[in-house]
$ cat my_file-v5.pdb   # PDB, C-alpha atoms
MODEL        1
ATOM      1  CA  MET H  15     -23.684  32.391 -26.150
ATOM      2  CA  VAL H  16     -20.547  30.503 -25.264
ATOM      3  CA  GLU H  17     -20.434  27.032 -26.746
ATOM      4  CA  LYS H  18     -19.808  24.338 -24.174
ATOM      5  CA  TYR H  19     -16.543  22.513 -24.848
ATOM      6  CA  THR H  20     -16.584  18.722 -24.653
ATOM      7  CA  ALA H  21     -13.663  16.307 -24.638
ATOM      8  CA  PRO H  22     -14.890  12.793 -25.552
ATOM      9  CA  THR H  23     -11.742  11.049 -24.323
ATOM     10  CA  VAL H  24     -11.967  12.716 -20.916
ATOM     11  CA  GLY H  25     -15.599  11.659 -20.610
ATOM     12  CA  LYS H  26     -14.757   8.072 -21.509
ATOM     13  CA  THR H  27     -11.890   8.093 -19.034
ATOM     14  CA  PHE H  28     -14.170   9.062 -16.163
ATOM     15  CA  ARG H  29     -16.768   6.504 -17.239
ATOM     16  CA  ILE H  30     -14.094   3.802 -17.138
ATOM     17  CA  LEU H  31     -12.885   4.905 -13.690
ATOM     18  CA  LYS H  32     -16.438   4.954 -12.334
ATOM     19  CA  SER H  33     -17.137   1.522 -13.783
ATOM     20  CA  ILE H  34     -14.031   0.062 -12.148
ATOM     21  CA  SER H  35     -14.806   1.752  -8.838
ATOM     22  CA  ARG H  36     -18.253   0.136  -8.657
ATOM     23  CA  THR H  37     -16.914  -3.408  -8.930
ATOM     24  CA  PRO H  38     -15.057  -4.616  -5.787
ATOM     25  CA  GLN H  39     -13.447  -7.536  -7.613
ATOM     26  CA  GLY H  40     -12.250  -5.312 -10.438
ATOM     27  CA  GLN H  41     -13.023  -5.534 -14.149
ATOM     28  CA  THR H  42     -11.308  -6.984 -17.186
ATOM     29  CA  LEU H  43     -10.806  -4.992 -20.359
ATOM     30  CA  SER H  44     -13.598  -6.953 -22.074
ATOM     31  CA  GLU H  45     -16.033  -6.391 -19.207
ATOM     32  CA  ILE H  46     -15.413  -2.634 -19.248
ATOM     33  CA  SER H  47     -15.880  -2.537 -23.025
ATOM     34  CA  GLN H  48     -19.136  -4.497 -22.932
ATOM     35  CA  GLN H  49     -20.622  -2.615 -19.977
ATOM     36  CA  LEU H  50     -19.870   0.858 -21.327
ATOM     37  CA  GLY H  51     -20.268   0.186 -25.015
ATOM     38  CA  ILE H  52     -16.775   1.470 -25.725
ATOM     39  CA  SER H  53     -14.518  -0.372 -28.163
ATOM     40  CA  LYS H  54     -11.852  -2.632 -26.658
ATOM     41  CA  SER H  55      -9.130  -0.714 -28.482
ATOM     42  CA  THR H  56     -10.278   2.557 -26.903
ATOM     43  CA  VAL H  57     -10.573   1.002 -23.441
ATOM     44  CA  HIS H  58      -7.126  -0.534 -23.870
ATOM     45  CA  GLY H  59      -5.558   2.799 -24.829
ATOM     46  CA  ILE H  60      -7.186   4.752 -22.001
ATOM     47  CA  SER H  61      -6.538   2.074 -19.358
ATOM     48  CA  ALA H  62      -2.889   1.816 -20.423
ATOM     49  CA  ALA H  63      -2.491   5.570 -19.945
ATOM     50  CA  LEU H  64      -4.247   5.426 -16.574
ATOM     51  CA  GLU H  65      -2.094   2.489 -15.484
ATOM     52  CA  ALA H  66       1.086   4.350 -16.424
ATOM     53  CA  LEU H  67      -0.050   7.203 -14.185
ATOM     54  CA  GLY H  68      -0.983   4.879 -11.322
ATOM     55  CA  ALA H  69      -4.661   5.850 -11.566
ATOM     56  CA  VAL H  70      -5.560   2.202 -12.121
ATOM     57  CA  LYS H  71      -3.662  -1.004 -11.548
ATOM     58  CA  ARG H  72      -4.083  -4.412 -13.165
ATOM     59  CA  ASP H  73      -3.812  -7.599 -11.139
ATOM     60  CA  ALA H  74      -1.017  -9.695 -12.638
ATOM     61  CA  ASN H  75      -2.943 -12.933 -12.111
ATOM     62  CA  THR H  76      -6.594 -12.075 -12.840
ATOM     63  CA  ARG H  77      -5.873  -9.252 -15.328
ATOM     64  CA  ARG H  78      -8.624  -7.238 -13.651
ATOM     65  CA  PHE H  79      -8.342  -3.502 -13.244
ATOM     66  CA  HIS H  80      -8.691  -1.799  -9.847
ATOM     67  CA  LEU H  81      -8.385   1.857  -8.906
ATOM     68  CA  GLY H  82      -4.815   2.973  -8.194
ATOM     69  CA  ALA H  83      -3.453   5.057  -5.357
ATOM     70  CA  THR H  84      -2.538   8.036  -7.539
ATOM     71  CA  LEU H  85      -6.172   9.106  -7.389
ATOM     72  CA  PHE H  86      -5.846   9.280  -3.598
ATOM     73  CA  GLU H  87      -2.700  11.376  -3.823
ATOM     74  CA  LEU H  88      -4.465  14.291  -5.516
ATOM     75  CA  GLY H  89      -5.153  15.780  -2.117
ATOM     76  CA  ARG H  90      -5.310  15.064   1.585
ATOM     77  CA  ALA H  91      -9.034  15.729   1.511
ATOM     78  CA  ALA H  92      -9.466  12.638  -0.631
ATOM     79  CA  PHE H  93      -7.709  10.532   1.998
ATOM     80  CA  ALA H  94     -10.239  11.568   4.634
ATOM     81  CA  ARG H  95     -13.030  10.012   2.604
ATOM     82  CA  ILE H  96     -11.444   6.584   2.199
ATOM     83  CA  ASP H  97     -13.496   3.975   4.052
ATOM     84  CA  VAL H  98     -10.494   1.912   5.139
ATOM     85  CA  LYS H  99      -9.096   4.950   6.914
ATOM     86  CA  ASP H 100     -12.319   5.539   8.837
ATOM     87  CA  VAL H 101     -12.534   1.888   9.843
ATOM     88  CA  ALA H 102      -8.871   1.546  10.770
ATOM     89  CA  HIS H 103      -8.398   4.771  12.728
ATOM     90  CA  PRO H 104      -9.983   3.606  16.042
ATOM     91  CA  PHE H 105      -7.856   0.460  15.925
ATOM     92  CA  MET H 106      -4.770   2.566  15.218
ATOM     93  CA  GLU H 107      -5.479   4.701  18.275
ATOM     94  CA  GLN H 108      -5.899   1.591  20.400
ATOM     95  CA  LEU H 109      -2.691   0.127  18.992
ATOM     96  CA  MET H 110      -0.780   3.319  19.773
ATOM     97  CA  ARG H 111      -2.013   3.272  23.381
ATOM     98  CA  LYS H 112      -0.918  -0.347  23.786
ATOM     99  CA  THR H 113       2.485   0.004  22.144
ATOM    100  CA  ARG H 114       3.234   3.682  22.911
ATOM    101  CA  GLU H 115       4.668   3.943  19.402
ATOM    102  CA  THR H 116       3.539   5.772  16.247
ATOM    103  CA  VAL H 117       1.117   3.850  14.028
ATOM    104  CA  PHE H 118       0.738   4.320  10.254
ATOM    105  CA  LEU H 119      -1.784   3.206   7.634
ATOM    106  CA  GLY H 120      -0.860   3.035   3.960
ATOM    107  CA  ILE H 121      -1.550   1.633   0.529
ATOM    108  CA  ARG H 122       0.699   0.560  -2.313
ATOM    109  CA  ASN H 123       0.966   2.656  -5.453
ATOM    110  CA  ARG H 124       3.294   0.985  -7.940
ATOM    111  CA  ASP H 125       6.846   1.335  -6.581
ATOM    112  CA  HIS H 126       6.025   3.144  -3.357
ATOM    113  CA  VAL H 127       3.656   3.161  -0.386
ATOM    114  CA  THR H 128       1.483   6.177   0.408
ATOM    115  CA  ILE H 129       0.628   7.041   4.004
ATOM    116  CA  LEU H 130      -3.141   7.452   4.409
ATOM    117  CA  ASP H 131      -3.316   8.038   8.140
ATOM    118  CA  THR H 132      -1.135   8.258  11.227
ATOM    119  CA  VAL H 133      -1.582   8.203  14.990
ATOM    120  CA  GLU H 134       1.493   9.665  16.638
ATOM    121  CA  SER H 135       3.047   8.314  19.799
ATOM    122  CA  THR H 136       2.573  10.352  22.946
ATOM    123  CA  ASN H 137       6.284   9.977  23.739
ATOM    124  CA  ASP H 138       8.436  13.103  23.603
ATOM    125  CA  LEU H 139      10.750  11.353  21.138
ATOM    126  CA  LYS H 140       8.761   9.735  18.367
ATOM    127  CA  ILE H 141       8.695   8.916  14.684
ATOM    128  CA  THR H 142       6.451  11.224  12.660
ATOM    129  CA  SER H 143       5.493  11.561   8.995
ATOM    130  CA  PRO H 144       2.583  13.524   7.477
ATOM    131  CA  ILE H 145      -0.332  12.012   5.596
ATOM    132  CA  GLY H 146       0.457  11.797   1.890
ATOM    133  CA  THR H 147       4.136  10.987   2.430
ATOM    134  CA  THR H 148       5.445   8.211   0.191
ATOM    135  CA  ILE H 149       7.878   5.454   1.121
ATOM    136  CA  PRO H 150       9.832   3.317  -1.365
ATOM    137  CA  LEU H 151       8.209  -0.103  -1.800
ATOM    138  CA  LEU H 152      11.523  -1.828  -1.090
ATOM    139  CA  ALA H 153      11.988   0.021   2.173
ATOM    140  CA  GLY H 154      11.082  -1.355   5.564
ATOM    141  CA  ALA H 155       8.402  -3.643   6.917
ATOM    142  CA  VAL H 156       5.409  -2.213   5.082
ATOM    143  CA  GLY H 157       6.924  -2.910   1.678
ATOM    144  CA  LYS H 158       7.472  -6.519   2.669
ATOM    145  CA  VAL H 159       3.772  -6.840   3.495
ATOM    146  CA  PHE H 160       2.760  -5.752  -0.001
ATOM    147  CA  LEU H 161       5.443  -7.792  -1.758
ATOM    148  CA  ALA H 162       4.528 -10.880   0.271
ATOM    149  CA  GLU H 163       1.071 -10.650  -1.294
ATOM    150  CA  LEU H 164       2.560 -11.363  -4.725
ATOM    151  CA  THR H 165       3.481 -14.771  -6.063
ATOM    152  CA  GLU H 166       7.099 -15.726  -5.444
ATOM    153  CA  ALA H 167       7.813 -15.449  -9.167
ATOM    154  CA  HIS H 168       6.336 -11.961  -9.401
ATOM    155  CA  ALA H 169       8.152 -10.790  -6.279
ATOM    156  CA  ALA H 170      11.420 -12.268  -7.556
ATOM    157  CA  LYS H 171      11.169 -10.197 -10.759
ATOM    158  CA  ILE H 172      10.934  -7.036  -8.670
ATOM    159  CA  LEU H 173      13.769  -8.036  -6.360
ATOM    160  CA  ASP H 174      16.042  -9.025  -9.232
ATOM    161  CA  LYS H 175      15.977  -5.429 -10.477
ATOM    162  CA  GLY H 176      18.072  -4.509  -7.450
ATOM    163  CA  LEU H 177      17.588  -3.798  -3.772
ATOM    164  CA  PRO H 178      18.628  -0.358  -2.465
ATOM    165  CA  ARG H 179      20.904   0.050   0.534
ATOM    166  CA  PHE H 180      19.315   2.572   2.891
ATOM    167  CA  THR H 181      21.413   1.621   5.944
ATOM    168  CA  ASP H 182      24.169  -0.820   6.851
ATOM    169  CA  ARG H 183      21.444  -3.281   7.873
ATOM    170  CA  SER H 184      19.481  -3.103   4.614
ATOM    171  CA  ILE H 185      18.899  -6.481   2.959
ATOM    172  CA  THR H 186      20.330  -6.246  -0.554
ATOM    173  CA  ASP H 187      20.491  -9.975  -1.310
ATOM    174  CA  PRO H 188      17.353 -11.008  -3.284
ATOM    175  CA  VAL H 189      17.485 -14.542  -1.897
ATOM    176  CA  ARG H 190      17.581 -13.372   1.713
ATOM    177  CA  TYR H 191      14.891 -10.769   1.022
ATOM    178  CA  GLY H 192      12.759 -13.498  -0.543
ATOM    179  CA  GLN H 193      13.104 -15.505   2.661
ATOM    180  CA  GLN H 194      11.784 -12.493   4.576
ATOM    181  CA  LEU H 195       8.740 -12.418   2.289
ATOM    182  CA  ARG H 196       8.049 -16.118   2.881
ATOM    183  CA  GLN H 197       8.243 -15.528   6.635
ATOM    184  CA  ALA H 198       5.821 -12.613   6.267
ATOM    185  CA  ARG H 199       3.347 -14.808   4.382
ATOM    186  CA  GLN H 200       3.527 -17.479   7.061
ATOM    187  CA  SER H 201       3.455 -15.250  10.138
ATOM    188  CA  GLY H 202       1.081 -12.551   8.905
ATOM    189  CA  HIS H 203       3.490  -9.722   9.676
ATOM    190  CA  ALA H 204       6.825  -8.276   8.547
ATOM    191  CA  VAL H 205       9.665  -6.665  10.494
ATOM    192  CA  ASP H 206      12.097  -3.848   9.718
ATOM    193  CA  ASP H 207      15.219  -4.127  11.866
ATOM    194  CA  GLU H 208      16.854  -0.755  11.153
ATOM    195  CA  GLU H 209      16.831  -1.582   7.437
ATOM    196  CA  TYR H 210      15.260   1.676   6.226
ATOM    197  CA  ILE H 211      16.370   4.187   8.858
ATOM    198  CA  SER H 212      19.255   3.611  11.265
ATOM    199  CA  GLY H 213      18.054   3.298  14.845
ATOM    200  CA  VAL H 214      14.428   2.692  13.839
ATOM    201  CA  ARG H 215      12.502  -0.606  13.918
ATOM    202  CA  ALA H 216       9.005  -1.390  12.674
ATOM    203  CA  VAL H 217       6.360  -4.102  12.442
ATOM    204  CA  ALA H 218       3.758  -4.193   9.659
ATOM    205  CA  ALA H 219       0.683  -6.304   8.965
ATOM    206  CA  PRO H 220      -1.891  -6.465   6.163
ATOM    207  CA  ILE H 221      -5.479  -5.227   6.377
ATOM    208  CA  ARG H 222      -7.861  -7.425   4.405
ATOM    209  CA  SER H 223     -11.500  -7.450   3.380
ATOM    210  CA  ASN H 224     -13.027 -10.665   2.039
ATOM    211  CA  GLY H 225      -9.523 -12.019   1.590
ATOM    212  CA  ASN H 226      -8.337  -9.061  -0.484
ATOM    213  CA  LEU H 227      -5.459  -6.845   0.657
ATOM    214  CA  LEU H 228      -6.748  -3.290   1.149
ATOM    215  CA  ALA H 229      -3.915  -1.607   3.012
ATOM    216  CA  ALA H 230      -1.174  -2.160   5.566
ATOM    217  CA  ILE H 231      -0.769  -0.972   9.126
ATOM    218  CA  TRP H 232       2.623  -0.578  10.768
ATOM    219  CA  VAL H 233       4.093   0.433  14.104
ATOM    220  CA  VAL H 234       7.365   2.379  14.143
ATOM    221  CA  GLY H 235       9.670   3.239  17.009
ATOM    222  CA  PHE H 236      13.278   3.832  17.965
ATOM    223  CA  ALA H 237      15.324   0.670  18.407
ATOM    224  CA  PRO H 238      15.994   1.153  22.141
ATOM    225  CA  SER H 239      12.253   1.250  22.871
ATOM    226  CA  LEU H 240      11.436  -1.589  20.455
ATOM    227  CA  GLY H 241      13.598  -4.393  21.799
ATOM    228  CA  ASP H 242      13.113  -7.990  20.687
ATOM    229  CA  GLU H 243      10.588  -8.819  23.416
ATOM    230  CA  LYS H 244       8.470  -5.750  22.742
ATOM    231  CA  LEU H 245       8.823  -6.244  18.985
ATOM    232  CA  HIS H 246       7.298  -9.712  19.361
ATOM    233  CA  ALA H 247       4.433  -8.313  21.448
ATOM    234  CA  VAL H 248       3.828  -5.501  18.958
ATOM    235  CA  ALA H 249       3.700  -8.021  16.114
ATOM    236  CA  HIS H 250       0.959  -9.921  17.961
ATOM    237  CA  GLU H 251      -1.038  -6.736  18.590
ATOM    238  CA  THR H 252      -0.637  -5.525  15.007
ATOM    239  CA  ARG H 253      -1.932  -8.805  13.543
ATOM    240  CA  CYS H 254      -5.027  -8.847  15.771
TER     241      CYS H 254
ENDMDL
END
$ encode --input "my_file-v5.pdb" --output "structure tokens"
Amino acid sequence: MVEKYTAPTVGKTFRILKSISRTPQGQTLSEISQQLGISKSTVHGISAALEALGAVKRDANTRRFHLGATLFELGRAAFARIDVKDVAHPFMEQLMRKTRETVFLGIRNRDHVTILDTVESTNDLKITSPIGTTIPLLAGAVGKVFLAELTEAHAAKILDKGLPRFTDRSITDPVRYGQQLRQARQSGHAVDDEEYISGVRAVAAPIRSNGNLLAAIWVVGFAPSLGDEKLHAVAHETRC
């Protein structure tokens, strides 16, 4: 008879992940410890390892743990089971028909954004990117949406580490980039004016549930087809 092998730490890790997943508002270290009957030191060690891997993330203000996007990156099959994707997809199709441009859905995972879903433009020339592709957080409109969700102080710490230059139009000045984030907070959308890829413009907006940011949706097209007037119209459609 083969003895069944058990790994206590692995079991505790999955119990912690399940506990966090069942609480929409997230859980603190103390709450996880009390609910599962696991010592705070053990929960702290496991959660720190999970956070380093992006499997969980801790809100800088509330100190509550939420599931991280790395879990979703284990396979495209996992993406298909994410509720936000199922809810957003019909809207994405409608948005593509209205704008005639490619529409993406994504979530933040530490220093990058992961594409969960895409509805490609019907144009012969279009922007495409497969599900599971990652984009640097400091690139383009979608990153601005996620950074705008942070406090100005928290966002400033990230920006002060340095802004990459992807194109000649990339914003590398933290002060100017910070102004873009304030505009995004006020308007409810962010714009990429050929800052990530030359000749490509984009508009992004947040997707919320009960006031909490779940994901971001963004429309991407070539600059000639996304002129200022259309860009303004797309921004209105994306926010709705």
$ closest_atom_pairs --input "my_file-v5.pdb" --of "range 45-110 of chain H" --to "range 209-231 of chain H" --cutoff "10 Å" --atoms "all atoms listed in the file" --output "Markdown table"
| residue | atom | partner | partner_atom | distance |
| --- | --- | --- | --- | --- |
| H:Val98 | CA | H:Leu228 | CA | 7.6 |
| H:Lys99 | CA | H:Ala229 | CA | 9.2 |
| H:Ala102 | CA | H:Ile231 | CA | 8.6 |
| H:Phe105 | CA | H:Ile231 | CA | 9.9 |
| H:Met106 | CA | H:Ile231 | CA | 8.1 |
$ residues_near_point --input "my_file-v5.pdb" --point "(5.1, -8.5, 20.0)" --cutoff "12 Å" --atoms "only C-alpha atoms" --output "list in words"
Leu109, Lys112, Thr113, His203, Ala204, Val205, Ala216, Val217, Ala218, Val233, Leu240, Gly241, Asp242, Glu243, Lys244, Leu245, His246, Ala247, Val248, Ala249, His250, Glu251, Thr252, Arg253 and Cys254 of chain H
$ residues_around --input "my_file-v5.pdb" --residues "Ala198 in chain H" --least-positions-apart "3" --cutoff "8 Å" --atoms "only C-alpha atoms" --output "list of chain:residue names"
H:Lys158, H:Val159, H:Ala162, H:Gln194, H:Leu195, H:Ser201, H:Gly202, H:His203, H:Ala204
$ resolve_selection --input "my_file-v5.pdb" --expression "the PyMOL selection byres ((chain H and resi 37-49) around 9)" --output "ChimeraX atom specification"
/H:30,33-36,50-58,61,72-73,76-81,226
$ closest_residue --input "my_file-v5.pdb" --among "H:Val24, H:Arg199, H:Glu208, H:Leu119" --to "Thr165 in chain H" --atoms "all atoms listed in the file"
H:Arg199
$ closest_residue --input "my_file-v5.pdb" --among "H:Asp125, H:Asp138, H:Asp131, H:Glu115" --to "Leu151 in chain H" --atoms "all atoms listed in the file"
H:Asp125
$ atom_distance --input "my_file-v5.pdb" --atom1 "CA of Gln108 in chain H" --atom2 "CA of Glu134 in chain H"
11.6 Å
$ atom_distance --input "my_file-v5.pdb" --atom1 "CA of Leu31 in chain H" --atom2 "CA of Arg124 in chain H"
17.6 Å
$ resolve_selection --input "my_file-v5.pdb" --expression "the PyMOL selection byres ((chain H and resi 173) around 10)" --output "list in words"
Leu152, Leu161, Ala167, His168, Ala169, Ala170, Lys171, Ile172, Asp174, Lys175, Gly176, Leu177, Pro178, Thr186, Asp187, Pro188, Val189, Tyr191 and Gly192 of chain H
$ closest_residue --input "my_file-v5.pdb" --among "H:Ala155, H:Val127, H:Val133, H:Ile145" --to "Glu107 in chain H" --atoms "all atoms listed in the file"
H:Val133
$ closest_residue --input "my_file-v5.pdb" --among "H:Arg29, H:Arg111, H:Leu164, H:Val117" --to "Pro144 in chain H" --atoms "only C-alpha atoms"
H:Val117
$ atom_distance --input "my_file-v5.pdb" --atom1 "CA of Ile185 in chain H" --atom2 "CA of His126 in chain H"
17.3 Å
$ closest_residue --input "my_file-v5.pdb" --among "H:Thr116, H:Gln200, H:Thr128, H:Thr147" --to "Thr84 in chain H" --atoms "all atoms listed in the file"
H:Thr128
$ decode --input "my_file-v5.pdb" --residues "range 234-253 of chain H" --atoms "N, CA, C and O atoms" --output "mmCIF file, in the first residue's frame"
data_model
loop_
_atom_site.group_PDB
_atom_site.id
_atom_site.type_symbol
_atom_site.label_atom_id
_atom_site.label_comp_id
_atom_site.auth_asym_id
_atom_site.auth_seq_id
_atom_site.Cartn_x
_atom_site.Cartn_y
_atom_site.Cartn_z
ATOM 1 N N VAL H 234 -8.496 50.404 -28.783
ATOM 2 C CA VAL H 234 -7.207 50.706 -29.415
ATOM 3 C C VAL H 234 -7.365 50.752 -30.930
ATOM 4 O O VAL H 234 -8.027 49.906 -31.528
ATOM 5 N N GLY H 235 -6.740 51.758 -31.528
ATOM 6 C CA GLY H 235 -6.793 51.875 -32.982
ATOM 7 C C GLY H 235 -5.619 52.663 -33.516
ATOM 8 O O GLY H 235 -4.883 53.306 -32.757
ATOM 9 N N PHE H 236 -5.437 52.641 -34.820
ATOM 10 C CA PHE H 236 -4.367 53.412 -35.439
ATOM 11 C C PHE H 236 -4.723 54.892 -35.403
ATOM 12 O O PHE H 236 -5.899 55.268 -35.534
ATOM 13 N N ALA H 237 -3.722 55.722 -35.220
ATOM 14 C CA ALA H 237 -3.930 57.162 -35.074
ATOM 15 C C ALA H 237 -4.773 57.792 -36.182
ATOM 16 O O ALA H 237 -5.650 58.612 -35.898
ATOM 17 N N PRO H 238 -4.570 57.444 -37.440
ATOM 18 C CA PRO H 238 -5.380 58.062 -38.497
ATOM 19 C C PRO H 238 -6.876 57.801 -38.345
ATOM 20 O O PRO H 238 -7.700 58.649 -38.718
ATOM 21 N N SER H 239 -7.240 56.635 -37.798
ATOM 22 C CA SER H 239 -8.664 56.324 -37.640
ATOM 23 C C SER H 239 -9.207 56.786 -36.291
ATOM 24 O O SER H 239 -10.422 56.808 -36.081
ATOM 25 N N LEU H 240 -8.316 57.161 -35.374
ATOM 26 C CA LEU H 240 -8.741 57.649 -34.062
ATOM 27 C C LEU H 240 -8.311 59.106 -33.900
ATOM 28 O O LEU H 240 -7.483 59.438 -33.049
ATOM 29 N N GLY H 241 -8.899 59.961 -34.726
ATOM 30 C CA GLY H 241 -8.622 61.393 -34.622
ATOM 31 C C GLY H 241 -9.217 61.959 -33.349
ATOM 32 O O GLY H 241 -9.925 61.268 -32.612
ATOM 33 N N ASP H 242 -8.950 63.229 -33.082
ATOM 34 C CA ASP H 242 -9.394 63.849 -31.833
ATOM 35 C C ASP H 242 -10.905 63.764 -31.638
ATOM 36 O O ASP H 242 -11.388 63.466 -30.535
ATOM 37 N N GLU H 243 -11.668 64.023 -32.701
ATOM 38 C CA GLU H 243 -13.126 64.000 -32.578
ATOM 39 C C GLU H 243 -13.615 62.591 -32.248
ATOM 40 O O GLU H 243 -14.461 62.408 -31.355
ATOM 41 N N LYS H 244 -13.096 61.603 -32.951
ATOM 42 C CA LYS H 244 -13.514 60.231 -32.687
ATOM 43 C C LYS H 244 -13.010 59.773 -31.319
ATOM 44 O O LYS H 244 -13.709 59.034 -30.601
ATOM 45 N N LEU H 245 -11.823 60.215 -30.940
ATOM 46 C CA LEU H 245 -11.262 59.840 -29.646
ATOM 47 C C LEU H 245 -12.188 60.308 -28.519
ATOM 48 O O LEU H 245 -12.425 59.585 -27.548
ATOM 49 N N HIS H 246 -12.706 61.516 -28.671
ATOM 50 C CA HIS H 246 -13.642 62.063 -27.674
ATOM 51 C C HIS H 246 -14.917 61.229 -27.624
ATOM 52 O O HIS H 246 -15.436 60.918 -26.546
ATOM 53 N N ALA H 247 -15.423 60.837 -28.783
ATOM 54 C CA ALA H 247 -16.642 60.030 -28.852
ATOM 55 C C ALA H 247 -16.406 58.644 -28.258
ATOM 56 O O ALA H 247 -17.255 58.104 -27.547
ATOM 57 N N VAL H 248 -15.242 58.070 -28.542
ATOM 58 C CA VAL H 248 -14.906 56.750 -28.011
ATOM 59 C C VAL H 248 -14.800 56.808 -26.488
ATOM 60 O O VAL H 248 -15.235 55.883 -25.794
ATOM 61 N N ALA H 249 -14.229 57.879 -25.980
ATOM 62 C CA ALA H 249 -14.118 58.039 -24.523
ATOM 63 C C ALA H 249 -15.505 58.027 -23.881
ATOM 64 O O ALA H 249 -15.720 57.387 -22.843
ATOM 65 N N HIS H 250 -16.448 58.691 -24.494
ATOM 66 C CA HIS H 250 -17.825 58.743 -23.977
ATOM 67 C C HIS H 250 -18.440 57.344 -24.003
ATOM 68 O O HIS H 250 -19.058 56.915 -23.019
ATOM 69 N N GLU H 251 -18.250 56.608 -25.085
ATOM 70 C CA GLU H 251 -18.822 55.277 -25.211
ATOM 71 C C GLU H 251 -18.171 54.299 -24.224
ATOM 72 O O GLU H 251 -18.837 53.431 -23.655
ATOM 73 N N THR H 252 -16.869 54.442 -24.010
ATOM 74 C CA THR H 252 -16.144 53.539 -23.143
ATOM 75 C C THR H 252 -16.544 53.727 -21.672
ATOM 76 O O THR H 252 -16.603 52.769 -20.906
ATOM 77 N N ARG H 253 -16.838 54.972 -21.291
ATOM 78 C CA ARG H 253 -17.255 55.241 -19.911
ATOM 79 C C ARG H 253 -18.660 54.765 -19.615
ATOM 80 O O ARG H 253 -19.013 54.521 -18.476
#
